[in-house]
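K.L.:
Here you go, this is protein.txt (compact mmCIF, C-alpha atoms).
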# COMPACT_ATOMS: atom_id res chain seq x y z
CA MET X 1 6.50 0.96 24.80
CA PRO X 2 7.17 4.58 23.73
CA THR X 3 6.58 7.59 25.91
CA PRO X 4 3.13 9.16 25.41
CA ALA X 5 4.59 12.13 23.51
CA ASP X 6 6.50 9.92 21.08
CA ALA X 7 3.65 7.50 20.66
CA ARG X 8 1.19 10.23 19.75
CA PHE X 9 3.24 12.02 17.08
CA TYR X 10 1.19 10.52 14.26
CA ALA X 11 -2.07 10.21 16.18
CA ASP X 12 -1.96 13.93 17.00
CA LEU X 13 -1.33 15.13 13.44
CA PRO X 14 -4.29 17.25 12.30
CA PRO X 15 -6.02 15.15 9.63
CA PHE X 16 -7.10 16.43 6.24
CA GLU X 17 -9.76 15.10 3.88
CA SER X 18 -9.57 16.89 0.52
CA ASP X 19 -7.32 16.04 -2.42
CA ASP X 20 -6.12 19.64 -2.41
CA ALA X 21 -4.63 19.26 1.09
CA LEU X 22 -2.63 16.26 -0.12
CA THR X 23 -0.10 18.61 -1.72
CA ASP X 24 -0.38 21.44 0.82
CA GLU X 25 2.85 21.96 2.77
CA ARG X 26 0.78 22.92 5.82
CA SER X 27 -0.58 19.37 6.05
CA TYR X 28 2.87 17.94 6.81
CA ARG X 29 4.98 17.71 9.97
CA ALA X 30 8.60 16.58 10.39
CA ALA X 31 8.99 13.08 11.80
CA PRO X 32 10.80 12.75 15.14
CA PRO X 33 14.52 12.34 14.36
CA ASP X 34 14.86 9.39 16.74
CA TRP X 35 12.26 7.29 14.88
CA VAL X 36 13.20 4.63 12.32
CA ILE X 37 12.01 3.71 8.82
CA PHE X 38 11.36 0.06 8.02
CA VAL X 39 11.31 -0.90 4.34
CA THR X 40 10.14 -4.28 3.03
CA ASP X 41 10.08 -5.55 -0.52
CA VAL X 42 9.88 -8.87 -2.32
CA ARG X 43 13.10 -9.86 -4.04
CA GLY X 44 12.46 -11.30 -7.48
CA SER X 45 9.06 -9.63 -7.80
CA THR X 46 9.55 -9.31 -11.58
CA ALA X 47 9.83 -13.08 -11.92
CA ALA X 48 6.85 -13.55 -9.61
CA ILE X 49 4.76 -11.25 -11.81
CA ALA X 50 5.79 -13.19 -14.91
CA ALA X 51 4.65 -16.38 -13.16
CA GLY X 52 1.23 -14.85 -12.40
CA ARG X 53 1.94 -14.48 -8.67
CA TYR X 54 1.46 -10.73 -8.23
CA LYS X 55 -1.39 -11.10 -5.74
CA GLU X 56 0.92 -13.14 -3.51
CA VAL X 57 3.51 -10.37 -3.77
CA ASN X 58 0.81 -7.81 -2.90
CA THR X 59 -0.35 -9.82 0.07
CA LEU X 60 3.16 -9.78 1.55
CA GLY X 61 3.26 -5.99 1.24
CA ALA X 62 0.02 -5.70 3.19
CA ALA X 63 1.12 -8.39 5.64
CA SER X 64 4.18 -6.28 6.50
CA ILE X 65 1.87 -3.54 7.75
CA VAL X 66 -0.47 -5.89 9.60
CA SER X 67 2.31 -7.76 11.39
CA ALA X 68 4.06 -4.54 12.44
CA ARG X 69 0.86 -3.02 13.80
CA ASN X 70 0.03 -6.17 15.73
CA ALA X 71 3.54 -6.23 17.19
CA CYS X 72 3.02 -2.94 19.02
CA PRO X 73 -0.67 -2.49 19.91
CA GLY X 74 -1.65 0.96 21.05
CA VAL X 75 1.09 2.68 19.03
CA ASP X 76 -0.25 4.62 16.06
CA PHE X 77 2.41 5.03 13.38
CA PRO X 78 2.35 5.92 9.67
CA PHE X 79 2.88 3.44 6.88
CA VAL X 80 2.42 3.17 3.13
CA PHE X 81 1.72 0.16 0.91
CA GLY X 82 3.92 0.02 -2.17
CA GLY X 83 2.74 -3.00 -4.16
CA ASP X 84 5.65 -5.39 -3.62
CA GLY X 85 6.35 -4.18 -0.11
CA ALA X 86 5.67 -1.47 2.43
CA THR X 87 7.35 1.38 4.27
CA LEU X 88 6.70 2.04 7.96
CA LEU X 89 7.83 4.87 10.24
CA VAL X 90 7.94 3.73 13.86
CA PRO X 91 9.22 4.99 17.23
CA ALA X 92 12.69 3.76 18.17
CA GLU X 93 11.23 2.22 21.34
CA VAL X 94 9.36 -0.42 19.32
CA ARG X 95 12.12 -0.99 16.78
CA ALA X 96 12.96 -4.41 18.22
CA GLU X 97 9.33 -5.58 18.23
CA VAL X 98 8.72 -4.49 14.65
CA ALA X 99 12.01 -5.98 13.44
CA GLU X 100 11.18 -9.33 15.01
CA ALA X 101 7.67 -9.34 13.54
CA LEU X 102 8.96 -8.57 10.05
CA LEU X 103 11.75 -11.15 10.25
CA CYS X 104 9.17 -13.74 11.32
CA LEU X 105 7.00 -12.73 8.38
CA SER X 106 10.00 -13.06 6.05
CA ARG X 107 10.63 -16.56 7.36
CA LYS X 108 6.94 -17.42 6.97
CA ALA X 109 6.95 -16.07 3.40
CA ARG X 110 9.82 -18.33 2.40
CA ALA X 111 8.21 -21.38 3.98
CA GLY X 112 4.60 -20.67 3.04
CA VAL X 113 4.71 -19.13 -0.43
CA GLY X 114 8.35 -19.41 -1.51
CA LEU X 115 8.97 -15.67 -1.76
CA ASP X 116 11.89 -13.73 -0.29
CA LEU X 117 10.80 -10.68 1.72
CA ARG X 118 13.69 -8.29 2.30
CA VAL X 119 13.58 -6.21 5.49
CA GLY X 120 15.56 -3.03 6.04
CA CYS X 121 15.69 -0.43 8.79
CA VAL X 122 17.03 3.13 8.49
CA PRO X 123 17.15 5.68 11.33
CA VAL X 124 15.47 8.95 10.42
CA ALA X 125 18.61 10.70 11.68
CA ASP X 126 20.67 8.97 8.97
CA VAL X 127 18.25 10.19 6.30
CA LEU X 128 18.39 13.74 7.66
CA ALA X 129 22.19 13.59 7.59
CA ARG X 130 21.94 13.02 3.82
CA GLY X 131 19.99 16.23 3.37
CA ARG X 132 16.54 14.68 3.00
CA GLN X 133 13.42 15.32 5.05
CA VAL X 134 10.81 12.92 6.38
CA LEU X 135 7.53 14.84 6.36
CA VAL X 136 4.29 13.14 7.35
CA ALA X 137 0.61 14.00 6.83
CA ARG X 138 -2.52 12.15 7.94
CA ARG X 139 -5.51 11.76 5.63
CA ARG X 140 -8.91 10.94 7.11
CA LEU X 141 -10.88 8.49 5.00
CA SER X 142 -13.74 7.95 7.43
CA GLU X 143 -14.30 8.04 11.18
CA GLY X 144 -11.33 6.26 12.77
CA ASN X 145 -9.66 5.33 9.46
CA HIS X 146 -6.61 7.20 8.17
CA ILE X 147 -3.74 6.71 5.76
CA ALA X 148 -0.38 8.45 5.79
CA MET X 149 1.25 10.68 3.18
CA PHE X 150 4.98 11.36 3.00
CA ALA X 151 7.02 14.16 1.45
CA GLY X 152 10.55 15.53 1.64
CA GLY X 153 12.43 12.74 -0.13
CA GLY X 154 13.23 10.78 3.01
CA LEU X 155 11.37 7.61 2.09
CA ASN X 156 13.01 7.41 -1.33
CA GLU X 157 16.39 7.91 0.32
CA ALA X 158 15.70 5.21 2.92
CA THR X 159 14.68 2.75 0.19
CA ALA X 160 17.91 3.42 -1.70
CA MET X 161 19.92 2.96 1.51
CA VAL X 162 18.30 -0.42 2.20
CA LYS X 163 19.22 -1.56 -1.34
CA GLN X 164 22.91 -0.58 -1.01
CA PRO X 165 25.24 -3.42 -2.08
CA ASP X 166 26.92 -3.54 1.34
CA GLY X 167 23.63 -4.38 3.05
CA ALA X 168 24.41 -2.04 5.92
CA TYR X 169 20.75 -1.29 6.61
CA LEU X 170 19.35 -4.78 6.15
CA VAL X 171 17.76 -6.50 9.14
CA SER X 172 18.91 -10.06 9.63
CA GLY X 173 19.01 -12.73 12.30
CA ASP X 174 16.84 -15.46 13.70
CA ALA X 175 13.52 -14.24 15.06
CA ALA X 176 12.40 -16.30 18.03
CA GLY X 177 8.72 -15.37 17.98
CA SER X 178 5.97 -15.52 15.39
CA SER X 179 4.31 -12.99 13.14
CA ASN X 180 0.75 -12.10 14.16
CA LEU X 181 -1.35 -11.62 11.02
CA ASP X 182 -4.75 -11.23 12.67
CA GLY X 183 -6.72 -8.82 10.50
CA LEU X 184 -5.05 -9.70 7.20
CA GLU X 185 -7.75 -10.75 4.74
CA CYS X 186 -7.79 -11.78 1.06
CA ARG X 187 -11.50 -12.49 0.63
CA TRP X 188 -12.52 -10.41 -2.40
CA CYS X 189 -11.90 -11.26 -6.02
CA ALA X 190 -10.31 -8.91 -8.56
CA VAL X 191 -12.46 -5.86 -9.34
CA PRO X 192 -13.18 -5.49 -13.07
CA ALA X 193 -12.70 -2.06 -14.62
CA ARG X 194 -15.81 0.02 -15.27
CA HIS X 195 -14.19 1.59 -18.32
CA ASP X 196 -11.46 0.12 -20.53
CA GLY X 197 -8.96 -0.72 -17.83
CA VAL X 198 -7.13 0.13 -14.62
CA LEU X 199 -4.08 2.38 -14.80
CA SER X 200 -1.43 2.03 -12.08
CA LEU X 201 0.54 5.25 -12.12
CA ILE X 202 3.74 6.46 -10.42
CA VAL X 203 5.10 9.99 -10.88
CA HIS X 204 8.22 11.48 -9.31
CA ALA X 205 8.58 15.26 -9.35
CA PRO X 206 12.10 16.72 -9.21
CA GLY X 207 12.94 17.63 -5.64
CA GLU X 208 9.68 15.97 -4.52
CA SER X 209 8.03 19.32 -5.26
CA LEU X 210 4.58 19.49 -3.67
CA PRO X 211 3.50 22.44 -5.88
CA LEU X 212 4.39 20.41 -8.98
CA TYR X 213 2.49 17.41 -7.67
CA ARG X 214 -0.47 19.71 -7.03
CA GLU X 215 -0.37 20.95 -10.63
CA MET X 216 -0.09 17.46 -12.11
CA LEU X 217 -2.83 16.06 -9.88
CA ALA X 218 -5.19 18.82 -10.98
CA GLY X 219 -4.50 17.91 -14.60
CA LEU X 220 -5.11 14.23 -13.92
CA ARG X 221 -8.41 14.98 -12.19
CA ASP X 222 -9.51 17.10 -15.15
CA ILE X 223 -8.89 14.21 -17.51
CA ALA X 224 -10.43 11.48 -15.31
CA PRO X 225 -12.78 12.99 -12.72
CA GLN X 226 -14.64 9.70 -12.10
CA ALA X 227 -11.67 7.37 -11.84
CA MET X 228 -12.26 5.48 -8.57
CA PRO X 229 -11.24 1.86 -9.24
CA ILE X 230 -13.51 0.34 -6.59
CA THR X 231 -17.15 1.40 -6.34
CA PRO X 232 -20.34 -0.29 -5.11
CA ALA X 233 -21.28 -0.77 -8.77
CA ASN X 234 -18.26 -2.87 -9.78
CA LEU X 235 -17.26 -4.55 -6.50
CA PRO X 236 -17.89 -8.23 -7.27
CA ALA X 237 -19.79 -10.48 -4.86
CA SER X 238 -18.13 -13.58 -6.26
CA TRP X 239 -17.46 -16.92 -4.62
CA PRO X 240 -15.20 -18.71 -3.92
CA PRO X 241 -12.62 -16.04 -3.01
CA ALA X 242 -9.93 -16.32 -5.67
CA PHE X 243 -7.07 -15.27 -3.39
CA LEU X 244 -8.07 -16.85 -0.07
CA MET X 245 -5.33 -19.48 -0.12
CA HIS X 246 -2.72 -16.68 -0.07
CA GLU X 247 -4.12 -15.64 3.30
CA SER X 248 -4.21 -19.24 4.55
CA LYS X 249 -0.59 -19.92 3.58
CA LEU X 250 0.65 -16.92 5.56
CA LYS X 251 -1.58 -17.40 8.57
CA ARG X 252 -1.15 -21.16 9.00
CA GLN X 253 1.76 -23.59 8.84
CA GLY X 254 1.42 -27.01 7.26
CA ARG X 255 -0.90 -28.09 4.49
CA LEU X 256 -3.55 -29.54 6.79
CA SER X 257 -3.82 -26.38 8.88
CA GLN X 258 -3.86 -24.24 5.75
CA SER X 259 -6.58 -26.36 4.18
CA LEU X 260 -8.73 -26.25 7.32
CA HIS X 261 -8.37 -22.47 7.51
CA TYR X 262 -9.27 -22.17 3.84
CA LEU X 263 -12.34 -24.38 4.16
CA GLY X 264 -13.57 -22.57 7.27
CA ILE X 265 -13.24 -19.11 5.74
CA ALA X 266 -14.66 -20.32 2.41
CA ALA X 267 -17.77 -21.56 4.21
CA LEU X 268 -18.12 -18.28 6.07
CA THR X 269 -17.69 -16.21 2.92
CA ALA X 270 -20.28 -18.35 1.12
CA LEU X 271 -22.88 -17.25 3.66
CA LEU X 272 -21.69 -13.64 3.52
CA THR X 273 -21.77 -13.67 -0.28
CA VAL X 274 -25.43 -14.68 -0.26
CA LEU X 275 -26.17 -11.93 2.26
CA VAL X 276 -24.32 -9.33 0.20
CA ARG X 277 -26.11 -10.29 -3.00
CA LEU X 278 -29.51 -10.06 -1.30
CA THR X 279 -29.01 -6.82 0.64
CA ARG X 280 -26.23 -4.75 -0.95
CA ASP X 281 -28.78 -2.51 -2.70
CA THR X 282 -30.83 -1.97 0.46
CA PRO X 283 -29.94 1.45 1.93
CA GLY X 284 -28.75 1.17 5.52
CA SER X 285 -28.20 -2.58 5.43
CA ALA X 286 -25.02 -3.97 6.96
CA ALA X 287 -23.79 -5.05 3.52
CA ALA X 288 -24.48 -1.67 1.91
CA THR X 289 -22.86 0.19 4.81
CA TYR X 290 -19.72 -1.95 4.74
CA ILE X 291 -19.35 -1.78 0.96
CA ASP X 292 -19.72 2.00 1.06
CA SER X 293 -17.00 2.30 3.71
CA LEU X 294 -14.76 -0.17 1.85
CA CYS X 295 -14.96 2.02 -1.24
CA ARG X 296 -13.85 5.02 0.86
CA ASN X 297 -11.30 3.33 3.14
CA ASN X 298 -8.69 2.57 0.49
CA ASP X 299 -5.39 4.01 -0.66
CA HIS X 300 -5.93 4.31 -4.43
CA LEU X 301 -4.42 7.85 -4.26
CA LYS X 302 -1.39 8.66 -2.12
CA LEU X 303 1.91 10.50 -1.90
CA ASP X 304 5.06 8.79 -0.60
CA ASP X 305 7.75 10.95 -2.21
CA CYS X 306 6.06 9.85 -5.43
CA LEU X 307 2.49 10.36 -6.54
CA ARG X 308 0.80 6.95 -6.76
CA MET X 309 -2.64 6.34 -8.22
CA VAL X 310 -4.76 3.37 -9.26
CA ILE X 311 -7.49 4.71 -11.51
CA ASP X 312 -10.24 3.36 -13.76
CA VAL X 313 -9.98 4.96 -17.21
CA SER X 314 -10.89 4.65 -20.87
CA HIS X 315 -8.27 4.20 -23.57
CA ALA X 316 -8.72 7.85 -24.55
CA GLN X 317 -8.20 9.01 -20.97
CA ARG X 318 -5.11 6.84 -20.62
CA ALA X 319 -3.63 8.38 -23.76
CA ARG X 320 -4.33 11.90 -22.51
CA ILE X 321 -2.85 11.12 -19.09
CA GLU X 322 0.35 9.71 -20.53
CA SER X 323 0.61 12.68 -22.90
CA LEU X 324 0.22 15.04 -19.93
CA LEU X 325 2.91 13.25 -17.95
CA GLU X 326 5.27 13.23 -20.91
CA ARG X 327 4.86 17.01 -21.21
CA TYR X 328 5.82 17.35 -17.54
CA ARG X 329 8.85 15.15 -18.17
CA LEU X 330 10.00 17.37 -21.01
CA THR X 331 9.24 20.69 -19.30
CA HIS X 332 9.94 19.92 -15.62
CA GLY X 333 11.98 16.72 -15.57
CA ALA X 334 9.24 14.64 -13.93
CA GLN X 335 9.72 10.88 -14.16
CA TRP X 336 6.73 8.62 -14.64
CA GLY X 337 5.64 5.05 -15.32
CA THR X 338 2.35 3.24 -15.83
CA HIS X 339 0.84 -0.22 -16.04
CA PHE X 340 -2.53 -1.01 -17.61
CA SER X 341 -4.64 -4.01 -16.62
CA ALA X 342 -8.22 -5.23 -16.87
CA SER X 343 -8.90 -5.11 -13.13
CA SER X 344 -7.73 -3.90 -9.75
CA ILE X 345 -6.94 -6.00 -6.68
CA PHE X 346 -6.89 -5.18 -3.01
CA THR X 347 -5.79 -6.72 0.26
CA CYS X 348 -7.60 -5.91 3.48
CA MET X 349 -6.57 -5.04 7.04
CA VAL X 350 -9.71 -5.52 9.11
CA ARG X 351 -10.04 -4.99 12.85
CA SER X 352 -13.79 -4.49 12.98
CA PRO X 353 -16.69 -3.51 10.69
CA GLN X 354 -15.79 0.10 11.51
CA ASP X 355 -11.98 -0.16 11.57
CA HIS X 356 -10.68 -1.41 8.22
CA LEU X 357 -8.27 -0.30 5.46
CA HIS X 358 -7.85 -1.71 1.97
CA PHE X 359 -4.59 -1.62 -0.01
CA VAL X 360 -5.31 -1.20 -3.72
CA ASP X 361 -3.16 -2.01 -6.73
CA GLY X 362 -3.59 -2.80 -10.39
CA ASN X 363 -3.70 -6.46 -11.33
CA ASP X 364 -0.92 -8.38 -13.13
CA GLY X 365 1.93 -6.13 -12.02
CA GLY X 366 0.40 -2.88 -10.83
CA TYR X 367 2.77 -0.52 -9.04
CA THR X 368 5.74 -2.87 -9.43
CA ALA X 369 5.35 -2.91 -13.21
CA ALA X 370 4.77 0.86 -13.26
CA ALA X 371 8.01 1.39 -11.31
CA ARG X 372 9.86 -0.78 -13.81
CA ASP X 373 8.32 1.24 -16.64
CA MET X 374 9.47 4.46 -14.97
CA ASP X 375 13.03 3.11 -14.63
CA ALA X 376 13.04 2.12 -18.32
CA ARG X 377 11.82 5.55 -19.40
CA ARG X 378 14.43 7.23 -17.21
CA ALA X 379 17.21 5.09 -18.70
CA ALA X 380 16.01 5.78 -22.24
CA SER X 381 16.08 9.54 -21.66
CA ILE X 382 19.68 9.64 -20.45
Spell out the structure here as structure tokens.

P.N.:
Amino acid sequence: MPTPADARFYADLPPFESDDALTDERSYRAAPPDWVIFVTDVRGSTAAIAAGRYKEVNTLGAASIVSARNACPGVDFPFVFGGDGATLLVPAEVRAEVAEALLCLSRKARAGVGLDLRVGCVPVADVLARGRQVLVARRRLSEGNHIAMFAGGGLNEATAMVKQPDGAYLVSGDAAGSSNLDGLECRWCAVPARHDGVLSLIVHAPGESLPLYREMLAGLRDIAPQAMPITPANLPASWPPAFLMHESKLKRQGRLSQSLHYLGIAALTALLTVLVRLTRDTPGSAAATYIDSLCRNNDHLKLDDCLRMVIDVSHAQRARIESLLERYRLTHGAQWGTHFSASSIFTCMVRSPQDHLHFVDGNDGGYTAAARDMDARRAASI
């Protein structure tokens, strides 16, 4: 395990709460140069989306975070969910444990759901040597629940390094252990939009400029001030859970074990669904309290060298947002991409009724489709 000083780098970062602090340079601290960046992503995610399997892709991104956290209990490290994968910044002392957990997850993904999860690892020192920074901030969502923000270009650089043709930063080998996915949950159905649809949005500012992100975010908030994709009003209490089998296939091996897990959780959620329907509108009830915290403990807005948002908007707001971003492309060179869908989806990491985070994306492609849209726009502008 890491030394106390190393282990507490992220835990000791002063947290912020406001959107304004998201783009404030004073919120960020440089990552220790001896830490490492793990990057996971699903190869062939475009084909998986076309086959209607985006929730499975999403689940693997969240599972990367859950398995890594379970591999090194007591170590608080930053991570970010990216739709078809995740990025994690961990102390070098737990590099081996995290690598083994992610390789086991990759093996489980191939066997359980037939998807190929790529795993890469890049030392922070190698990113710094390329002139990029790895800056980290800690956003407080509620008591005991935080998400990380990243700036400085280091995460984008690490992702590009993992995807190099020579595969120098890929993690390979036979993992002897197993991937612990305790806390991974897929027990809510897709959340229908309150307005016309859900916009998954990615914006990259030249030089990862925090002041430019601040300016663009202010413009986006002016256009869509009530854009939260998940609220108590539209969170569905539906049964059976549409995505539960994705959880079962990753947590259990063999069809019988998967079916038994599914049936057990389906029975439990049937009871909970009745309870939620009866008490969700009762102030102070367990259901109302949990739903309120769920709607706060999610990552629908984040910065990871790109501005990422999942927002609920009307057609008119979408048009204004895309017009705003196109102006920033023409005037400042910002690159952007979007994807529009009828609903949002989320995958949960639950440790207790008080300790839980929810990874949000747009349905039917979400961030992955938005990234593809951004690449197409970039290519068209060259």

K.L.:
Hey, what's within 8 Å of range 78-84 of chain X if we count only C-alpha atoms and toss same-chain stuff fewer than 5 positions away? As an MDAnalysis selection string, please?

P.N.:
chainID X and resid 10 41:42 45 57:58 60:62 65 89:90 136 147:149 304 359 361 366:368

K.L.:
With a distance cut-off of 7 Å and only C-alpha atoms, select the neighbouring residues of Cys121 in chain X, excluding the residue or stretch itself and same-chain residues fewer than 6 positions from it, and output the selection as a list in words.

P.N.:
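The residues satisfying every condition are Val36, Ile37, Phe38, Val39, Tyr169, Leu170 and Val171 of chain X.
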
K.L.:
Report the closest atom pair, with its distance in Å rounded to one decimal, for each residue of range 72-138 of chain X that has an atom no farther than 8 Å from range 241-262 of chain X; count all atoms listed in the file, sort by chain and then rising residue number, and write it as a Markdown table.

P.N.:
| residue | atom | partner | partner_atom | distance |
| --- | --- | --- | --- | --- |
| X:Lys108 | CA | X:Leu250 | CA | 6.5 |
| X:Ala109 | CA | X:Leu250 | CA | 6.7 |
| X:Gly112 | CA | X:Lys249 | CA | 5.3 |
| X:Val113 | CA | X:Lys249 | CA | 6.7 |

K.L.:
Quick check, in Å to one decimal: how far apart do CA of Leu128 in chain X and CA of Tyr328 in chain X lie?

P.N.:
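Spanning CA of Leu128 in chain X to CA of Tyr328 in chain X is a straight-line distance of 28.4 Å.
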
K.L.:
Kindly give the distance, in Å, that separates CA of Arg329 in chain X and CA of Asp305 in chain X, rounded to a single decimal.

P.N.:
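Interatomic distance, CA of Arg329 in chain X to CA of Asp305 in chain X: 16.5 Å.
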
K.L.:
Can you tell me which residues surround Ala99 in chain X at a distance of at most 9 Å, considering all atoms listed in the file, apart from same-chain residues fewer than 3 positions away, and format the answer as a list in words?

P.N.:
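After dropping sequence-adjacent residues, the list is Phe38, Ala68, Val94, Arg95, Ala96, Leu102, Leu103, Cys104, Val119, Gly120, Cys121, Val171, Ser172 and Ala175 of chain X.
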
K.L.:
From the set X:Trp336, X:Tyr28, X:Trp239, X:Tyr213, which residue has the shortest atom-to-atom contact distance to Ala376 in chain X, counting only C-alpha atoms?

P.N.:
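So, comparing all the options, the nearest one is X:Trp336.
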
K.L.:
Which residue out of X:Arg69, X:Arg351, X:Ala125, X:Pro240 has the minimum interatomic distance to Leu263 in chain X when all atoms listed in the file are used?

P.N.:
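Closest candidate: X:Pro240.
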
K.L.:
Mind checking which residues fall within 7 Å of range 283-300 of chain X, counting all atoms listed in the file, ignoring those fewer than 2 positions away in the same chain, and posting them as a PyMOL selection string?

P.N.:
chain X and resi 141-142+145+230-232+276+279-281+302+309-310+353+356-360

K.L.:
Write a file of the just-selected residues containing C-alpha atoms, as a tab-separated table (two decimals), keeping the file's coordinate frame.

P.N.:
chain	number	residue	atom	x	y	z
X	141	LEU	CA	-10.88	8.49	5.00
X	142	SER	CA	-13.74	7.95	7.43
X	145	ASN	CA	-9.66	5.33	9.46
X	230	ILE	CA	-13.51	0.34	-6.59
X	231	THR	CA	-17.15	1.40	-6.34
X	232	PRO	CA	-20.34	-0.29	-5.11
X	276	VAL	CA	-24.32	-9.33	0.20
X	279	THR	CA	-29.01	-6.82	0.64
X	280	ARG	CA	-26.23	-4.75	-0.95
X	281	ASP	CA	-28.78	-2.51	-2.70
X	302	LYS	CA	-1.39	8.66	-2.12
X	309	MET	CA	-2.64	6.34	-8.22
X	310	VAL	CA	-4.76	3.37	-9.26
X	353	PRO	CA	-16.69	-3.51	10.69
X	356	HIS	CA	-10.68	-1.41	8.22
X	357	LEU	CA	-8.27	-0.30	5.46
X	358	HIS	CA	-7.85	-1.71	1.97
X	359	PHE	CA	-4.59	-1.62	-0.01
X	360	VAL	CA	-5.31	-1.20	-3.72

K.L.:
In Å to one decimal, how far is CA of Asp312 in chain X from CA of Ala218 in chain X?

P.N.:
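Between CA of Ala218 in chain X and CA of Asp312 in chain X the gap is 16.5 Å.
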
K.L.:
Return as a tab-separated table the residues of range 35-66 of chain X lying at most 8 Å from range 183-194 of chain X, together with the closest atom-to-atom pair for each and the distance in Å to one decimal, counting all atoms listed in the file, with rows in chain order and ascending residue number.

P.N.:
residue	atom	partner	partner_atom	distance
X:Thr59	CA	X:Cys186	CA	7.8
X:Ala62	CA	X:Leu184	CA	7.6
X:Ala63	CA	X:Leu184	CA	6.5
X:Val66	CA	X:Leu184	CA	6.4

K.L.:
Considering all atoms listed in the file, state which residue in the set X:Asp34, X:Arg29, X:Pro225, X:Ser314 is at the smallest distance from Pro14 in chain X.

P.N.:
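Using all atoms listed in the file, Pro14 in chain X sits closest to X:Arg29.
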
K.L.:
Skip Leu217 in chain X itself and residues of its chain fewer than 3 positions away, then list as a PyMOL selection string all residues within 12 Å of it, counting all atoms listed in the file.

P.N.:
chain X and resi 19-23+201-205+210-214+220-225+301-303+306-309+321+324-325+328

K.L.:
Counting only C-alpha atoms, figure out which residue out of X:Cys348, X:Ala270, X:Ala51, X:Leu13 gets nearest to Asp76 in chain X.

P.N.:
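For Asp76 in chain X, the nearest of the given residues is X:Leu13.
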
K.L.:
Pop range 129-141 of chain X out of the structure in the block and write N, CA and C atoms as an mmCIF file, in the first residue's frame.

P.N.:
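Contents of the output file part13.cif:
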data_model
loop_
_atom_site.group_PDB
_atom_site.id
_atom_site.type_symbol
_atom_site.label_atom_id
_atom_site.label_comp_id
_atom_site.auth_asym_id
_atom_site.auth_seq_id
_atom_site.Cartn_x
_atom_site.Cartn_y
_atom_site.Cartn_z
ATOM 1 N N ALA X 129 6.999 14.672 -19.502
ATOM 2 C CA ALA X 129 8.135 14.784 -20.421
ATOM 3 C C ALA X 129 7.692 15.247 -21.801
ATOM 4 N N ARG X 130 6.414 15.103 -22.120
ATOM 5 C CA ARG X 130 5.881 15.553 -23.404
ATOM 6 C C ARG X 130 5.301 16.963 -23.317
ATOM 7 N N GLY X 131 5.539 17.617 -22.206
ATOM 8 C CA GLY X 131 5.124 19.011 -22.070
ATOM 9 C C GLY X 131 3.691 19.216 -21.634
ATOM 10 N N ARG X 132 3.027 18.163 -21.166
ATOM 11 C CA ARG X 132 1.658 18.272 -20.677
ATOM 12 C C ARG X 132 1.636 18.243 -19.161
ATOM 13 N N GLN X 133 0.556 18.737 -18.581
ATOM 14 C CA GLN X 133 0.376 18.714 -17.144
ATOM 15 C C GLN X 133 -0.785 17.785 -16.780
ATOM 16 N N VAL X 134 -0.717 17.263 -15.570
ATOM 17 C CA VAL X 134 -1.833 16.487 -15.024
ATOM 18 C C VAL X 134 -2.293 17.209 -13.764
ATOM 19 N N LEU X 135 -3.334 18.013 -13.915
ATOM 20 C CA LEU X 135 -3.861 18.825 -12.824
ATOM 21 C C LEU X 135 -5.187 18.237 -12.366
ATOM 22 N N VAL X 136 -5.377 18.168 -11.065
ATOM 23 C CA VAL X 136 -6.528 17.471 -10.498
ATOM 24 C C VAL X 136 -7.278 18.390 -9.542
ATOM 25 N N ALA X 137 -8.593 18.360 -9.610
ATOM 26 C CA ALA X 137 -9.458 19.057 -8.658
ATOM 27 C C ALA X 137 -10.483 18.066 -8.133
ATOM 28 N N ARG X 138 -11.102 18.415 -7.018
ATOM 29 C CA ARG X 138 -12.028 17.503 -6.327
ATOM 30 C C ARG X 138 -13.342 18.234 -6.079
ATOM 31 N N ARG X 139 -14.406 17.758 -6.699
ATOM 32 C CA ARG X 139 -15.707 18.405 -6.541
ATOM 33 C C ARG X 139 -16.565 17.625 -5.546
ATOM 34 N N ARG X 140 -17.088 18.334 -4.572
ATOM 35 C CA ARG X 140 -17.971 17.725 -3.574
ATOM 36 C C ARG X 140 -19.399 17.764 -4.076
ATOM 37 N N LEU X 141 -20.010 16.580 -4.177
ATOM 38 C CA LEU X 141 -21.404 16.483 -4.587
ATOM 39 C C LEU X 141 -22.341 16.464 -3.388
#
